[in-house]
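Note: the block below is start_21.cif and it holds mmCIF, C-alpha atoms.
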```cif
data_structure
#
loop_
_atom_site.group_PDB
_atom_site.id
_atom_site.type_symbol
_atom_site.label_atom_id
_atom_site.label_comp_id
_atom_site.auth_asym_id
_atom_site.auth_seq_id
_atom_site.Cartn_x
_atom_site.Cartn_y
_atom_site.Cartn_z
ATOM 1 C CA MET E 834 18.063 -2.313 15.489
ATOM 2 C CA PRO E 835 15.066 -1.208 13.393
ATOM 3 C CA LEU E 836 11.798 -0.410 15.088
ATOM 4 C CA PRO E 837 9.187 -3.190 14.684
ATOM 5 C CA ASN E 838 6.998 -1.063 12.433
ATOM 6 C CA GLY E 839 7.889 -1.775 8.826
ATOM 7 C CA VAL E 840 4.882 -3.055 6.875
ATOM 8 C CA SER E 841 5.084 -5.724 4.186
ATOM 9 C CA PRO E 842 2.645 -6.029 1.243
ATOM 10 C CA THR E 843 0.703 -8.622 3.245
ATOM 11 C CA GLY E 844 -0.135 -5.954 5.845
ATOM 12 C CA ILE E 845 1.938 -7.610 8.565
ATOM 13 C CA ILE E 846 4.005 -5.302 10.791
ATOM 14 C CA GLU E 847 7.575 -6.541 11.121
ATOM 15 C CA PRO E 848 11.043 -5.285 12.203
ATOM 16 C CA ILE E 849 12.200 -5.281 8.580
ATOM 17 C CA GLY E 850 14.091 -1.965 8.374
ATOM 18 C CA LEU E 851 12.442 -0.644 5.228
ATOM 19 C CA SER E 852 13.865 1.915 2.839
ATOM 20 C CA ALA E 853 10.652 3.853 3.460
ATOM 21 C CA THR E 854 9.064 6.574 1.328
ATOM 22 C CA TRP E 855 5.750 6.771 3.255
ATOM 23 C CA MET E 856 4.507 6.622 6.826
ATOM 24 C CA GLY E 857 1.193 5.150 7.968
ATOM 25 C CA ASN E 858 -1.236 4.923 10.848
ATOM 26 C CA ARG E 859 -3.676 2.357 12.290
ATOM 27 C CA GLY E 860 -4.086 4.109 15.642
ATOM 28 C CA GLU E 861 -2.097 3.503 18.818
ATOM 29 C CA ILE E 862 -1.019 -0.130 18.622
ATOM 30 C CA HIS E 863 2.122 -0.052 20.824
ATOM 31 C CA ASP E 864 2.508 -0.136 24.591
ATOM 32 C CA HIS E 865 4.527 2.102 26.924
ATOM 33 C CA ASN E 866 7.625 0.020 26.180
ATOM 34 C CA GLY E 867 7.348 0.725 22.464
ATOM 35 C CA GLU E 868 6.300 -2.801 21.599
ATOM 36 C CA ILE E 869 3.600 -3.625 19.042
ATOM 37 C CA VAL E 870 0.730 -5.251 20.957
ATOM 38 C CA ARG E 871 -1.990 -5.370 18.272
ATOM 39 C CA GLN E 872 -2.227 -5.080 14.482
ATOM 40 C CA PHE E 873 -4.751 -2.216 14.464
ATOM 41 C CA LYS E 874 -6.978 -0.089 16.675
ATOM 42 C CA THR E 875 -9.049 1.663 14.023
ATOM 43 C CA LYS E 876 -10.619 0.702 10.716
ATOM 44 C CA SER E 877 -9.150 3.837 9.116
ATOM 45 C CA TRP E 878 -5.759 2.669 7.843
ATOM 46 C CA VAL E 879 -4.015 5.594 6.157
ATOM 47 C CA THR E 880 -0.760 6.495 4.416
ATOM 48 C CA CYS E 881 0.952 9.789 5.244
ATOM 49 C CA ARG E 882 3.911 11.824 4.061
ATOM 50 C CA LEU E 883 7.163 11.291 5.918
ATOM 51 C CA SER E 884 7.246 15.040 6.615
ATOM 52 C CA TYR E 885 4.495 17.657 6.606
ATOM 53 C CA LYS E 886 4.728 21.368 7.432
ATOM 54 C CA GLY E 887 7.842 20.757 9.489
ATOM 55 C CA TRP E 888 5.971 18.765 12.123
ATOM 56 C CA SER E 889 8.141 16.308 14.025
ATOM 57 C CA ARG E 890 7.059 12.907 15.310
ATOM 58 C CA LYS E 891 10.340 12.237 17.121
ATOM 59 C CA PRO E 892 10.838 10.370 19.284
ATOM 60 C CA LEU E 893 8.777 7.729 17.541
ATOM 61 C CA MET E 894 6.199 5.496 19.226
ATOM 62 C CA GLN E 895 5.419 7.875 22.060
ATOM 63 C CA PRO E 896 2.905 6.691 24.693
ATOM 64 C CA GLY E 897 -0.615 7.911 23.998
ATOM 65 C CA ARG E 898 0.043 8.734 20.325
ATOM 66 C CA TYR E 899 -0.550 6.751 17.173
ATOM 67 C CA THR E 900 2.042 4.200 16.136
ATOM 68 C CA GLU E 901 4.157 5.260 13.163
ATOM 69 C CA LEU E 902 4.251 2.601 10.448
ATOM 70 C CA PHE E 903 6.537 2.696 7.416
ATOM 71 C CA PHE E 904 6.164 1.528 3.814
ATOM 72 C CA LEU E 905 8.636 0.944 1.004
ATOM 73 C CA ASP E 906 6.277 2.761 -1.378
ATOM 74 C CA GLU E 907 2.599 3.412 -1.996
ATOM 75 C CA ALA E 908 2.186 0.143 -3.895
ATOM 76 C CA THR E 909 3.181 -1.598 -0.654
ATOM 77 C CA ALA E 910 0.865 0.573 1.448
ATOM 78 C CA LEU E 911 -2.132 -0.021 -0.826
ATOM 79 C CA SER E 912 -1.414 -3.750 -0.850
ATOM 80 C CA ALA E 913 -1.348 -3.718 2.955
ATOM 81 C CA GLY E 914 -4.795 -2.091 2.908
ATOM 82 C CA HIS E 915 -3.929 1.573 3.566
ATOM 83 C CA ARG E 916 -5.440 4.524 1.691
ATOM 84 C CA PRO E 917 -4.137 8.118 1.304
ATOM 85 C CA PHE E 918 -4.664 10.410 4.322
ATOM 86 C CA ALA E 919 -6.781 13.490 3.607
ATOM 87 C CA MET E 920 -4.769 16.064 5.581
ATOM 88 C CA CYS E 921 -1.239 15.640 4.238
ATOM 89 C CA ARG E 922 -2.159 13.961 0.921
ATOM 90 C CA ASN E 923 -5.331 15.796 -0.031
ATOM 91 C CA ALA E 924 -4.986 15.547 -3.818
ATOM 92 C CA GLU E 925 -4.237 11.806 -3.685
ATOM 93 C CA TYR E 926 -7.016 11.297 -1.134
ATOM 94 C CA ALA E 927 -9.565 13.041 -3.376
ATOM 95 C CA SER E 928 -8.457 11.040 -6.424
ATOM 96 C CA PHE E 929 -8.487 7.742 -4.567
ATOM 97 C CA LYS E 930 -11.893 8.370 -2.988
ATOM 98 C CA THR E 931 -13.507 9.390 -6.285
ATOM 99 C CA ARG E 932 -12.093 6.448 -8.191
ATOM 100 C CA TRP E 933 -12.684 3.906 -5.426
ATOM 101 C CA LEU E 934 -16.356 4.876 -5.087
ATOM 102 C CA ARG E 935 -16.967 4.897 -8.835
ATOM 103 C CA ALA E 936 -15.097 1.652 -9.510
ATOM 104 C CA ASN E 937 -16.855 -0.208 -6.702
ATOM 105 C CA GLY E 938 -20.422 0.939 -7.378
ATOM 106 C CA PHE E 939 -20.835 3.416 -4.516
ATOM 107 C CA ALA E 940 -22.637 6.771 -4.761
ATOM 108 C CA PRO E 941 -20.321 9.809 -5.223
ATOM 109 C CA GLY E 942 -21.262 11.340 -1.875
ATOM 110 C CA THR E 943 -20.530 8.211 0.160
ATOM 111 C CA ALA E 944 -18.567 8.956 3.345
ATOM 112 C CA VAL E 945 -14.948 7.841 3.609
ATOM 113 C CA THR E 946 -15.914 5.882 6.728
ATOM 114 C CA ASP E 947 -17.886 3.566 4.442
ATOM 115 C CA ILE E 948 -14.760 3.066 2.324
ATOM 116 C CA ASP E 949 -12.782 2.268 5.458
ATOM 117 C CA LYS E 950 -15.437 -0.212 6.567
ATOM 118 C CA ALA E 951 -15.453 -1.985 3.209
ATOM 119 C CA MET E 952 -11.657 -2.090 3.037
ATOM 120 C CA HIS E 953 -11.481 -3.419 6.580
ATOM 121 C CA GLU E 954 -13.815 -6.271 5.687
ATOM 122 C CA GLU E 955 -11.517 -7.103 2.768
ATOM 123 C CA ARG E 956 -8.421 -6.994 4.953
ATOM 124 C CA MET E 957 -9.992 -9.322 7.501
ATOM 125 C CA GLY E 958 -11.055 -11.779 4.803
ATOM 126 C CA ARG E 959 -7.983 -11.846 2.593
ATOM 127 C CA SER E 960 -8.246 -14.472 -0.151
ATOM 128 C CA GLY E 961 -11.707 -15.378 1.097
ATOM 129 C CA SER E 962 -13.520 -14.864 -2.206
ATOM 130 C CA ASP E 963 -13.028 -15.381 -5.921
ATOM 131 C CA ALA E 964 -12.307 -11.647 -6.306
ATOM 132 C CA TRP E 965 -8.830 -12.244 -4.849
ATOM 133 C CA GLN E 966 -8.005 -14.489 -7.832
ATOM 134 C CA GLN E 967 -7.691 -12.576 -11.102
ATOM 135 C CA SER E 968 -6.104 -12.933 -14.514
ATOM 136 C CA PRO E 969 -2.729 -11.167 -14.546
ATOM 137 C CA ARG E 970 -3.461 -9.650 -17.946
ATOM 138 C CA SER E 971 -6.508 -7.891 -16.486
ATOM 139 C CA LEU E 972 -4.494 -6.182 -13.749
ATOM 140 C CA PRO E 973 -3.369 -2.534 -13.806
ATOM 141 C CA SER E 974 0.223 -1.542 -13.050
ATOM 142 C CA GLY E 975 0.927 -0.973 -9.362
ATOM 143 C CA VAL E 976 -0.885 -4.038 -8.009
ATOM 144 C CA VAL E 977 0.948 -6.509 -5.746
ATOM 145 C CA ILE E 978 0.303 -10.223 -6.233
ATOM 146 C CA VAL E 979 1.669 -13.562 -5.008
ATOM 147 C CA PHE E 980 3.830 -15.407 -7.540
ATOM 148 C CA ASN E 981 5.931 -18.456 -6.654
ATOM 149 C CA GLU E 982 5.075 -17.813 -2.992
ATOM 150 C CA THR E 983 6.615 -14.320 -3.049
ATOM 151 C CA SER E 984 5.164 -10.800 -3.104
ATOM 152 C CA CYS E 985 5.611 -9.236 -6.539
ATOM 153 C CA LEU E 986 4.677 -5.927 -8.137
ATOM 154 C CA TRP E 987 2.797 -6.185 -11.428
ATOM 155 C CA SER E 988 4.083 -3.487 -13.766
ATOM 156 C CA GLY E 989 3.218 -3.313 -17.418
ATOM 157 C CA GLY E 990 3.120 -7.048 -18.034
ATOM 158 C CA ARG E 991 6.134 -7.908 -15.882
ATOM 159 C CA LEU E 992 6.684 -8.890 -12.276
ATOM 160 C CA PHE E 993 9.228 -7.451 -9.868
ATOM 161 C CA GLN E 994 9.870 -9.235 -6.595
ATOM 162 C CA TRP E 995 9.316 -7.086 -3.496
ATOM 163 C CA THR E 996 12.210 -6.664 -1.032
ATOM 164 C CA ASN E 997 12.800 -4.372 1.949
ATOM 165 C CA THR E 998 14.891 -1.985 -0.128
ATOM 166 C CA GLY E 999 13.261 -2.105 -3.552
ATOM 167 C CA TYR E 1000 12.333 -4.540 -6.291
ATOM 168 C CA VAL E 1001 14.291 -7.356 -7.930
ATOM 169 C CA ARG E 1002 14.220 -6.837 -11.679
ATOM 170 C CA ASN E 1003 14.810 -10.329 -13.029
ATOM 171 C CA VAL E 1004 11.395 -11.852 -12.412
ATOM 172 C CA LEU E 1005 9.904 -13.387 -15.551
ATOM 173 C CA PRO E 1006 6.455 -12.498 -16.944
ATOM 174 C CA CYS E 1007 3.558 -14.642 -15.749
ATOM 175 C CA GLY E 1008 1.131 -13.792 -18.527
ATOM 176 C CA ASP E 1009 0.479 -17.460 -19.246
ATOM 177 C CA SER E 1010 -0.979 -17.974 -15.767
ATOM 178 C CA ALA E 1011 -4.752 -18.332 -15.794
ATOM 179 C CA SER E 1012 -5.032 -16.462 -12.496
ATOM 180 C CA VAL E 1013 -2.905 -15.081 -9.676
ATOM 181 C CA ARG E 1014 -3.656 -14.326 -6.036
ATOM 182 C CA LEU E 1015 -3.955 -10.658 -5.182
ATOM 183 C CA LEU E 1016 -2.346 -9.036 -2.171
ATOM 184 C CA THR E 1017 -3.719 -5.615 -3.078
ATOM 185 C CA PRO E 1018 -7.404 -5.695 -1.992
ATOM 186 C CA PRO E 1019 -9.804 -6.146 -4.944
ATOM 187 C CA SER E 1020 -11.606 -2.847 -4.284
ATOM 188 C CA VAL E 1021 -8.263 -1.025 -4.410
ATOM 189 C CA VAL E 1022 -7.340 -2.859 -7.613
ATOM 190 C CA ASN E 1023 -10.599 -1.522 -9.050
ATOM 191 C CA ALA E 1024 -9.644 2.045 -8.074
ATOM 192 C CA ILE E 1025 -6.209 1.666 -9.682
ATOM 193 C CA ARG E 1026 -7.817 0.195 -12.791
ATOM 194 C CA ASP E 1027 -10.105 3.249 -12.849
ATOM 195 C CA GLY E 1028 -7.063 5.516 -13.050
ATOM 196 C CA TYR E 1029 -5.590 6.084 -9.588
ATOM 197 C CA ARG E 1030 -1.840 6.549 -10.113
ATOM 198 C CA VAL E 1031 0.307 4.536 -7.714
ATOM 199 C CA GLN E 1032 3.685 5.733 -6.430
ATOM 200 C CA VAL E 1033 6.362 3.044 -6.602
ATOM 201 C CA HIS E 1034 9.864 2.891 -5.158
ATOM 202 C CA PRO E 1035 12.175 5.198 -7.157
ATOM 203 C CA ALA E 1036 14.648 2.386 -7.870
ATOM 204 C CA LEU E 1037 12.056 0.730 -10.109
ATOM 205 C CA MET E 1038 11.407 3.902 -12.093
ATOM 206 C CA SER E 1039 15.077 4.909 -12.489
ATOM 207 C CA SER E 1040 15.782 2.134 -14.999
ATOM 208 C CA SER E 1041 13.624 3.869 -17.613
ATOM 209 C CA ARG E 1042 15.056 7.380 -17.306
ATOM 210 C CA LYS E 1043 18.382 9.189 -17.331
ATOM 211 C CA THR E 1044 17.515 11.751 -14.686
ATOM 212 C CA SER E 1045 17.425 11.097 -10.967
ATOM 213 C CA PRO E 1046 14.141 9.500 -9.836
ATOM 214 C CA SER E 1047 11.777 11.193 -7.421
ATOM 215 C CA PRO E 1048 10.483 9.400 -4.323
ATOM 216 C CA TYR E 1049 6.999 10.307 -5.581
ATOM 217 C CA ASP E 1050 7.298 8.733 -9.043
ATOM 218 C CA ARG E 1051 4.016 7.196 -10.099
ATOM 219 C CA LEU E 1052 3.089 4.514 -12.538
ATOM 220 C CA PRO E 1053 0.954 5.735 -15.457
#
```
For this file, write the structure as structure tokens.
Amino acid sequence: MPLPNGVSPTGIIEPIGLSATWMGNRGEIHDHNGEIVRQFKTKSWVTCRLSYKGWSRKPLMQPGRYTELFFLDEATALSAGHRPFAMCRNAEYASFKTRWLRANGFAPGTAVTDIDKAMHEERMGRSGSDAWQQSPRSLPSGVVIVFNETSCLWSGGRLFQWTNTGYVRNVLPCGDSASVRLLTPPSVVNAIRDGYRVQVHPALMSSSRKTSPSPYDRLP
């Protein structure tokens, strides 16, 4: 039985048994029985490497420690409202912070806590403003949207339906749609549009290359 800590693009924690490439953290949100009792404890929602300097988190969901969350890929994590963690993903953290601040009109020296606060307000008010409705043709690759009531990755003018183990490839383009509903928070979409490169599940990237994909493949 999978642990109840897979995260979907909507940000909901579920026992979905993901084929995970990233781990995440919202603070300690499980009880002493290893059951999820809240959706978050901190406004700093981060995405971490599955392994770092040989450190071990096993057994998972230990009392008094943060709850390990798991994501199919970074596109899923960003859609759920998580950003790169500075310690184990310093280069990605620096790139994301720079691009997020610039794309959203914040001063370069703004603290990351202000980013977390702004992203938390977005997460708590999903679909609550016009910014969550955008033209698909204006979207950068790596953004997750809702199409036909399903979560889909927008990639170079095409949609790929999200599943626990990867993406379904036979979703038709939706370029004729006037607007689509974002799952990726608008401020994060802005950062991606500004040039932040999003890692996607290797199964999606493998179709365009002959060599074996890397779990850290990123959309251009």
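Comparing the minimum interatomic distances between Gly958 (chain E) and each of E:Ser928, E:Gly938, E:Arg970, E:Gly914, counting only C-alpha atoms, we find that E:Gly914 sits nearest.
Shown here are all protein and nucleic acid residues lying within 7 Å of (0.2, -3.4, -16.1), with all atoms listed in the file considered: Leu972, Pro973, Ser974, Trp987, Ser988, Gly989 and Gly990 of chain E.
The interatomic distance for the pair CA of Ala908 (chain E) and CA of Gln967 (chain E) works out to 17.6 Å.
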Quiz item: Evaluating the PyMOL selection byres ((chain E and resi 961-966) around 8) on the displayed file yields which residues, as a PyMOL selection string?
Solution: chain E and resi 958-960+967-968+1012-1016+1018-1019
Exercise. Find the residues with any atom within 12 Å of (-11.9, 9.6, -7.0); use all atoms listed in the file and the coordinates as given in the file, and write the answer as a PyMOL selection string.
Key: chain E and resi 916-917+923-937+939-943+945+948+1021+1023-1030
Self-check item: All residues 7 Å or closer to region 862-876 of chain E, only C-alpha atoms, same chain fewer than 4 positions away omitted, as a VMD selection string
Solution: chain E and resid 894 896 900 949 to 950 953
Determine the axis-aligned bounding box of all atoms of region 917-922 of chain E present in the file, pad each side by 4 Å, and express its centre and edge lengths in Å to one decimal place as JSON.
```
{"center_x": -4.0, "center_y": 12.1, "center_z": 3.3, "size_x": 13.5, "size_y": 15.9, "size_z": 12.7}
```
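Distance-wise, CA of Gly999 (chain E) and CA of Arg922 (chain E) end up 22.7 Å apart.
We find CA of Pro1035 (chain E) and CA of Leu905 (chain E) to be spaced 9.9 Å apart.
When only C-alpha atoms are used to compute distances to Val1022 (chain E), the closest of the residues E:His1034, E:Ser971, E:Val1001, E:Cys985 turns out to be E:Ser971.
The residue that comes closest to Trp855 (chain E), out of E:His915, E:Arg898, E:Lys886, E:Lys891 and on the basis of all atoms listed in the file, is E:His915.
Considering the residues E:Ser877, E:Trp995, E:Pro969, E:Thr946 and counting only C-alpha atoms, Ala1011 (chain E) has its shortest atom-to-atom contact with E:Pro969.
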Quiz item: Which residues come within 8 Å of Ser852 (chain E), counting only C-alpha atoms, excluding same-chain residues fewer than 2 positions away, as a list in words?
Solution: Gly850, Thr854, Phe904, Leu905, Asn997, Thr998 and Gly999 of chain E
Quiz item: How would you write, as a VMD selection string, the residues chosen by the PyMOL selection byres ((chain E and resi 993) around 10) on this structure?
Solution: chain E and resid 977 980 984 to 988 991 to 992 994 to 996 999 to 1006 1037
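The smallest atom-to-atom distance between Cys881 (chain E) and any of E:Ala910, E:Cys921, E:Met952, E:Ile849, using only C-alpha atoms, is found for E:Cys921.
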